[in-house]
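Q: Pasting a structure below so you can have a look.
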Amino acid sequence: MMKRTISIFTAIILLFVASLFSAEKIGYIDSEKIIYGYKGSSNLKNQYNKLVAEWENEAQDKKSAIKKLRNELENQDLMLSEETKKKKKKEIQEKEKEYEQFLKEIWGENGKLQKKHEELLKPVIEEISNIIEKIGEEDEYVIIFDISKGNIVFVKTGLDLTERVLYEINKEFTVVSPVKPETEFYVFLFENISSEAESQNLGRQISTFIRAGLNKFAKFEAVEGRRVSEAMSLLGFMKEDELDDNQILLVSRRIDADIVVFGHIDLSSGKITLKLKWINFNSGNEIIKKDFTIDERDKMEKLAGDVMTYLGREIKKK
C-alpha cells in the first residue's frame with residue numbers, strides 16, 4: 001500500500017485523463033521517493049550538512065561576539081563615559097543588524113541554503129527527467145504524473161490542446177470565408193513503408209497523381225495546403241505521412257473536407273502495393289479501404305488510373 005496519500009485534486013485529474021485516454025497508457029511517479037531512494041543522495045546530503053554546519057558555526061560566532069560586547073558594556077557601565085557608551089551601543093546595534101542580515105541571507109527565502117539545495121539536486125532532477133522522458137517514449141505512455149507535486153512530468157507530443165482552444169474561442173472574430181465549392185477534397189501524403197518505396201518517392205508520386213485526378217472531377221476542388229498546415233499546427237501534428245487514422249480524422253474535420261484520401265505504398269519483390277484509404281464525410285466517418293497491386297515495371301500512371309477509376313465509381317454511388 002502506498003504510504004503517500006494522493007491528493008483529491010490529483011486523483012480527479014488522473015480519473016479525468018484516464019477517461020479521455022482509456023485505451024492509452026498513463027503512469028505516475030513519486031519524485032520525493034525517488035530522490036530519497038537515490039543511492040547518490042548520501043553524498044549530496046553530506047555536502048549539504050557540511051555547509052550547513054559551517055554557516056551555523058559562523059552564526060554562532062556572530063552571536064557570541066554580540067553577547068561579549070553586551071557583557072563588556074554591562075560590566076564597564078560605571079567606568080565609561082556617556083560618549084563611549086553610545087559608541088559601544090552603536091557597535092552592538094550594527095553587529096546585531098549584521099547578524100540578522102546574515103541569518104536572512106543564509107536561511108531566508110531564496111537564501112544561500114535554499115539555492116545550494118537546488119544546486120545540489122539540479123543534476124539529479126535533470127537525470128530523473130531524462131529517464132522519465134525515455135520511459136514515456138519507449139513504453140508509449142501518454143501522460144506521466146508526479147503525485148508528490150501534483151503535476152505532469154511527461155506528456156506525449158500532440159496532446160497540447162492550447163492552440164485548439166484558442167482557435168475555438170477566437171472563431172467568432174474570424175473573417176467569414178468565401179462559399180466553399182460543392183465538394184472539397186484533400187489527398188494526404190502517402191506513407192512509404194519500405195526503403196525501396198522511399199528511394200523512389202512513391203508516396204509523393206501517387207499522392208500527386210490522385211490529387212490531379214480528383215481535380216478533374218466536376219465541381220471538385222482541393223483544400224489549400226495552407227489550411228491543412230494550419231490545422232496540423234493547431235493539433236500539434238508534424239508530418240502528413242506520419243499521421244495515424246485517428247489523427248487524419250481530426251485534421252480532416254478541422255479543414256472541413258468532404259472527401260479525404262490517404263494510405264501507404266510499398267515496393268517489394270518487384271511489386272508495388274498500394275493500401276488506399278478514403279473517407280466521404282457526406283456519407284459518414286467510415287474509413288473505406290482498397291488494395292491495389294501492379295508490377296514494378298508498370299508505370300505509376302497505371303496505378304493512378306486504377307485508383308481513379310475505382311474512386312470515380314464509388315463516389316458516384318455515394
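So you can find residues: chains in the C-alpha cells are A, B, ... in the order shown, residues in each start at 1, and ligands are numbered from 1 in order.
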Env of segment 31-33 of chain A: 8 Å cut, atoms = only C-alpha atoms, seq-sep filter 3 positions within chain, self excluded. Answer as a ChimeraX atom specification.

A: /A:36-37,146-149

Q: Kindly export the residues of the current selection with C-alpha atoms, as an mmCIF file, in the first residue's frame.

A:
data_model
loop_
_atom_site.group_PDB
_atom_site.id
_atom_site.type_symbol
_atom_site.label_atom_id
_atom_site.label_comp_id
_atom_site.auth_asym_id
_atom_site.auth_seq_id
_atom_site.Cartn_x
_atom_site.Cartn_y
_atom_site.Cartn_z
ATOM 1 C CA TYR A 36 15.065 9.820 -1.128
ATOM 2 C CA GLY A 37 15.856 6.392 -2.567
ATOM 3 C CA ASP A 146 4.237 13.231 -10.236
ATOM 4 C CA ILE A 147 1.913 12.510 -7.302
ATOM 5 C CA SER A 148 4.209 14.191 -4.783
ATOM 6 C CA LYS A 149 3.952 17.504 -6.650
#

Q: Write out as a count of residues only all residues of segment 38-192 of chain A that DSSP puts in alpha helix (DSSP H) for this structure's backbone.

A: 96

Q: I'd like the neighbourhood of Val260 of chain A as a list in words, where a residue qualifies if any of its atoms comes within 8 Å (using only C-alpha atoms), though same-chain residues fewer than 2 positions away should be ignored.

A: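 Close residues of Val260 of chain A: Phe185, Tyr186, Val187, Phe188, Ser252, Ala257, Asp258, Phe262, Trp278, Ile279 and Asn280 of chain A.
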
Q: What residues in segment 69-287 of chain A get the DSSP label strand (DSSP E)? Please answer as an MDAnalysis selection string.

A: chainID A and resid 141:146 151:155 183:187 191:192 220:222 259:268 271:280

Q: How about saving the chosen residues, N, CA and C atoms kept, as a CSV table (one decimal), in the first residue's frame?

A:
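Okay, part.csv is ready:
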chain,number,residue,atom,x,y,z
A,141,TYR,N,3.8,5.9,-23.2
A,141,TYR,CA,2.9,6.5,-22.2
A,141,TYR,C,2.4,7.8,-22.8
A,142,VAL,N,1.1,8.1,-22.5
A,142,VAL,CA,0.5,9.3,-23.0
A,142,VAL,C,0.9,10.4,-22.0
A,143,ILE,N,0.7,10.1,-20.7
A,143,ILE,CA,0.9,11.1,-19.6
A,143,ILE,C,1.6,10.4,-18.4
A,144,ILE,N,2.5,11.1,-17.8
A,144,ILE,CA,3.1,10.6,-16.5
A,144,ILE,C,2.9,11.7,-15.5
A,145,PHE,N,2.3,11.4,-14.3
A,145,PHE,CA,2.1,12.4,-13.3
A,145,PHE,C,3.2,12.2,-12.2
A,146,ASP,N,3.4,13.3,-11.5
A,146,ASP,CA,4.2,13.2,-10.2
A,146,ASP,C,3.3,13.5,-9.1
A,151,ASN,N,1.7,17.4,-10.4
A,151,ASN,CA,1.8,18.0,-11.7
A,151,ASN,C,2.2,16.9,-12.7
A,152,ILE,N,2.2,17.3,-14.0
A,152,ILE,CA,2.5,16.4,-15.1
A,152,ILE,C,4.0,16.5,-15.4
A,153,VAL,N,4.7,15.4,-15.5
A,153,VAL,CA,6.2,15.4,-15.8
A,153,VAL,C,6.5,14.9,-17.2
A,154,PHE,N,5.5,14.3,-17.8
A,154,PHE,CA,5.7,13.9,-19.2
A,154,PHE,C,4.4,13.9,-19.9
A,155,VAL,N,4.4,14.4,-21.1
A,155,VAL,CA,3.2,14.3,-21.9
A,155,VAL,C,3.5,14.0,-23.4
A,183,THR,N,-17.8,20.2,-53.6
A,183,THR,CA,-17.0,19.1,-53.0
A,183,THR,C,-15.6,19.5,-52.8
A,184,GLU,N,-15.1,19.6,-51.6
A,184,GLU,CA,-13.7,19.8,-51.3
A,184,GLU,C,-13.0,18.5,-50.9
A,185,PHE,N,-11.9,18.3,-51.4
A,185,PHE,CA,-11.1,17.1,-51.1
A,185,PHE,C,-9.7,17.4,-50.7
A,186,TYR,N,-9.1,16.4,-50.1
A,186,TYR,CA,-7.7,16.6,-49.8
A,186,TYR,C,-7.0,15.2,-49.8
A,187,VAL,N,-5.9,15.1,-50.5
A,187,VAL,CA,-5.1,13.9,-50.6
A,187,VAL,C,-3.9,14.0,-49.7
A,191,GLU,N,2.3,7.3,-47.1
A,191,GLU,CA,3.5,6.9,-46.4
A,191,GLU,C,4.2,5.8,-47.2
A,192,ASN,N,5.5,6.0,-47.3
A,192,ASN,CA,6.4,4.9,-47.9
A,192,ASN,C,6.7,4.0,-46.8
A,220,PHE,N,-15.2,19.6,-58.1
A,220,PHE,CA,-14.3,19.2,-57.1
A,220,PHE,C,-13.2,20.2,-57.0
A,221,GLU,N,-12.8,20.5,-55.8
A,221,GLU,CA,-11.7,21.5,-55.6
A,221,GLU,C,-10.9,21.0,-54.4
A,222,ALA,N,-9.5,21.1,-54.5
A,222,ALA,CA,-8.6,20.6,-53.5
A,222,ALA,C,-8.6,21.7,-52.3
A,259,ILE,N,-14.1,15.0,-48.8
A,259,ILE,CA,-13.5,13.7,-49.1
A,259,ILE,C,-12.0,13.8,-48.8
A,260,VAL,N,-11.5,12.8,-48.1
A,260,VAL,CA,-10.0,12.8,-47.9
A,260,VAL,C,-9.5,11.4,-48.4
A,261,VAL,N,-8.3,11.4,-48.9
A,261,VAL,CA,-7.7,10.2,-49.4
A,261,VAL,C,-6.3,10.0,-48.7
A,262,PHE,N,-6.0,8.8,-48.3
A,262,PHE,CA,-4.7,8.6,-47.6
A,262,PHE,C,-4.3,7.2,-47.7
A,263,GLY,N,-3.2,6.8,-47.1
A,263,GLY,CA,-2.8,5.4,-47.1
A,263,GLY,C,-1.3,5.2,-47.1
A,264,HIS,N,-0.8,4.1,-47.6
A,264,HIS,CA,0.6,3.9,-47.7
A,264,HIS,C,0.9,3.0,-48.9
A,265,ILE,N,2.2,3.0,-49.3
A,265,ILE,CA,2.6,2.3,-50.5
A,265,ILE,C,3.9,1.6,-50.2
A,266,ASP,N,4.0,0.4,-50.9
A,266,ASP,CA,5.2,-0.4,-50.7
A,266,ASP,C,5.7,-0.9,-52.0
A,267,LEU,N,7.0,-1.1,-52.0
A,267,LEU,CA,7.7,-1.8,-53.2
A,267,LEU,C,8.5,-2.9,-52.7
A,268,SER,N,8.1,-4.1,-53.1
A,268,SER,CA,8.8,-5.3,-52.6
A,268,SER,C,8.6,-6.4,-53.6
A,271,LYS,N,6.9,-5.9,-56.9
A,271,LYS,CA,5.5,-5.5,-56.9
A,271,LYS,C,5.3,-4.2,-56.1
A,272,ILE,N,4.5,-3.3,-56.6
A,272,ILE,CA,4.1,-2.1,-55.9
A,272,ILE,C,2.7,-2.3,-55.4
A,273,THR,N,2.6,-2.2,-54.1
A,273,THR,CA,1.3,-2.4,-53.4
A,273,THR,C,0.8,-1.1,-52.8
A,274,LEU,N,-0.4,-0.7,-53.1
A,274,LEU,CA,-1.0,0.5,-52.5
A,274,LEU,C,-2.1,0.1,-51.6
A,275,LYS,N,-2.0,0.6,-50.4
A,275,LYS,CA,-3.1,0.4,-49.4
A,275,LYS,C,-3.9,1.7,-49.3
A,276,LEU,N,-5.0,1.8,-50.1
A,276,LEU,CA,-5.7,3.0,-50.2
A,276,LEU,C,-6.8,3.1,-49.1
A,277,LYS,N,-6.9,4.3,-48.5
A,277,LYS,CA,-8.0,4.6,-47.5
A,277,LYS,C,-8.6,5.9,-47.9
A,278,TRP,N,-9.9,6.0,-47.8
A,278,TRP,CA,-10.5,7.2,-48.1
A,278,TRP,C,-11.8,7.4,-47.3
A,279,ILE,N,-12.3,8.6,-47.1
A,279,ILE,CA,-13.5,8.9,-46.3
A,279,ILE,C,-14.3,9.9,-47.1
A,280,ASN,N,-15.6,9.6,-47.2
A,280,ASN,CA,-16.5,10.5,-47.8
A,280,ASN,C,-17.4,11.0,-46.6

Q: Write out as a CSV table (one decimal) with N, CA, C and O atoms, in the first residue's frame which residues come within 7 Å of segment 237-240 of chain A when counting only C-alpha atoms, dropping same-chain ones fewer than 3 positions away.

A:
chain,number,residue,atom,x,y,z
A,158,GLY,N,1.6,16.2,-29.1
A,158,GLY,CA,0.4,16.2,-29.8
A,158,GLY,C,-0.8,16.3,-28.9
A,158,GLY,O,-2.0,16.5,-29.4
A,188,PHE,N,-3.9,13.3,-48.6
A,188,PHE,CA,-2.7,13.3,-47.7
A,188,PHE,C,-1.6,12.6,-48.3
A,188,PHE,O,-1.7,11.7,-49.2
A,189,LEU,N,-0.4,13.0,-48.0
A,189,LEU,CA,0.8,12.4,-48.5
A,189,LEU,C,0.9,11.0,-48.0
A,189,LEU,O,0.8,10.6,-46.9
A,232,MET,N,-2.9,21.2,-38.8
A,232,MET,CA,-2.0,20.3,-38.2
A,232,MET,C,-1.2,21.0,-37.1
A,232,MET,O,-0.9,20.4,-36.0
A,233,SER,N,-0.9,22.3,-37.3
A,233,SER,CA,-0.2,23.0,-36.3
A,233,SER,C,-1.0,23.2,-35.1
A,233,SER,O,-0.6,23.1,-33.9
A,243,LEU,N,0.9,10.6,-39.9
A,243,LEU,CA,-0.4,10.6,-39.2
A,243,LEU,C,-1.0,9.3,-39.2
A,243,LEU,O,-1.0,8.6,-40.2

Q: Find the nearest atom pair between each residue of segment 199-281 of chain A and segment 302-307 of chain A for residues within 7 Å, count only C-alpha atoms, give distances in Å to one decimal, sort rows by chain and ascending number, and present the table as JSON lines.

A:
{"residue": "A:Ile206", "atom": "CA", "partner": "A:Ala304", "partner_atom": "CA", "distance": 6.5}
{"residue": "A:Phe209", "atom": "CA", "partner": "A:Ala304", "partner_atom": "CA", "distance": 6.0}
{"residue": "A:Ile210", "atom": "CA", "partner": "A:Ala304", "partner_atom": "CA", "distance": 6.2}

Q: Could you check the closest approach to Ile255 of chain A for each of A:Glu230, A:Asp241, A:Glu54, A:Glu196 and tell me which residue wins, using only C-alpha atoms?

A: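 Closest residue, counting only C-alpha atoms: A:Glu230.
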
Q: Any idea what's packed within 12 Å of segment 40-46 of chain A, counting only C-alpha atoms, ignoring anything in its chain fewer than 6 positions away? Could you give it as an mmCIF file with N, CA, C and O atoms, in the first residue's frame?

A:
data_model
loop_
_atom_site.group_PDB
_atom_site.id
_atom_site.type_symbol
_atom_site.label_atom_id
_atom_site.label_comp_id
_atom_site.auth_asym_id
_atom_site.auth_seq_id
_atom_site.Cartn_x
_atom_site.Cartn_y
_atom_site.Cartn_z
ATOM 1 N N GLU A 32 9.623 12.558 -4.728
ATOM 2 C CA GLU A 32 10.263 12.623 -3.410
ATOM 3 C C GLU A 32 10.822 11.257 -3.013
ATOM 4 O O GLU A 32 11.914 11.157 -2.451
ATOM 5 N N LYS A 33 10.066 10.216 -3.313
ATOM 6 C CA LYS A 33 10.525 8.864 -3.005
ATOM 7 C C LYS A 33 11.749 8.510 -3.842
ATOM 8 O O LYS A 33 12.681 7.855 -3.362
ATOM 9 N N ILE A 34 11.753 8.957 -5.106
ATOM 10 C CA ILE A 34 12.886 8.681 -5.993
ATOM 11 C C ILE A 34 14.143 9.365 -5.468
ATOM 12 O O ILE A 34 15.215 8.758 -5.389
ATOM 13 N N VAL A 52 25.906 23.491 5.938
ATOM 14 C CA VAL A 52 25.004 23.980 6.986
ATOM 15 C C VAL A 52 25.763 24.157 8.298
ATOM 16 O O VAL A 52 25.596 25.160 9.003
ATOM 17 N N ALA A 53 26.613 23.181 8.618
ATOM 18 C CA ALA A 53 27.393 23.246 9.860
ATOM 19 C C ALA A 53 28.324 24.460 9.857
ATOM 20 O O ALA A 53 28.480 25.147 10.880
ATOM 21 N N LYS A 116 21.683 26.485 -2.538
ATOM 22 C CA LYS A 116 22.647 25.383 -2.526
ATOM 23 C C LYS A 116 21.927 24.046 -2.631
ATOM 24 O O LYS A 116 22.388 23.127 -3.329
ATOM 25 N N HIS A 117 20.791 23.943 -1.961
ATOM 26 C CA HIS A 117 19.986 22.724 -2.019
ATOM 27 C C HIS A 117 19.536 22.461 -3.460
ATOM 28 O O HIS A 117 19.625 21.332 -3.965
ATOM 29 N N GLU A 118 19.069 23.510 -4.128
ATOM 30 C CA GLU A 118 18.629 23.385 -5.519
ATOM 31 C C GLU A 118 19.806 23.060 -6.438
ATOM 32 O O GLU A 118 19.668 22.273 -7.377
ATOM 33 N N GLU A 119 20.948 23.673 -6.153
ATOM 34 C CA GLU A 119 22.147 23.435 -6.967
ATOM 35 C C GLU A 119 22.597 21.980 -6.877
ATOM 36 O O GLU A 119 22.957 21.362 -7.888
ATOM 37 N N LEU A 120 22.563 21.419 -5.669
ATOM 38 C CA LEU A 120 22.981 20.030 -5.482
ATOM 39 C C LEU A 120 22.005 19.054 -6.144
ATOM 40 O O LEU A 120 22.412 18.019 -6.682
ATOM 41 N N LEU A 121 20.715 19.401 -6.105
ATOM 42 C CA LEU A 121 19.700 18.495 -6.651
ATOM 43 C C LEU A 121 19.514 18.633 -8.159
ATOM 44 O O LEU A 121 18.965 17.728 -8.796
ATOM 45 N N LYS A 122 19.951 19.753 -8.722
ATOM 46 C CA LYS A 122 19.687 20.025 -10.136
ATOM 47 C C LYS A 122 20.132 18.894 -11.068
ATOM 48 O O LYS A 122 19.337 18.430 -11.901
ATOM 49 N N PRO A 123 21.383 18.405 -10.972
ATOM 50 C CA PRO A 123 21.776 17.317 -11.884
ATOM 51 C C PRO A 123 20.976 16.037 -11.671
ATOM 52 O O PRO A 123 20.708 15.301 -12.620
ATOM 53 N N VAL A 124 20.566 15.785 -10.423
ATOM 54 C CA VAL A 124 19.766 14.591 -10.134
ATOM 55 C C VAL A 124 18.381 14.724 -10.764
ATOM 56 O O VAL A 124 17.869 13.796 -11.395
ATOM 57 N N ILE A 125 17.780 15.904 -10.601
ATOM 58 C CA ILE A 125 16.450 16.148 -11.159
ATOM 59 C C ILE A 125 16.482 16.072 -12.684
ATOM 60 O O ILE A 125 15.569 15.533 -13.314
#
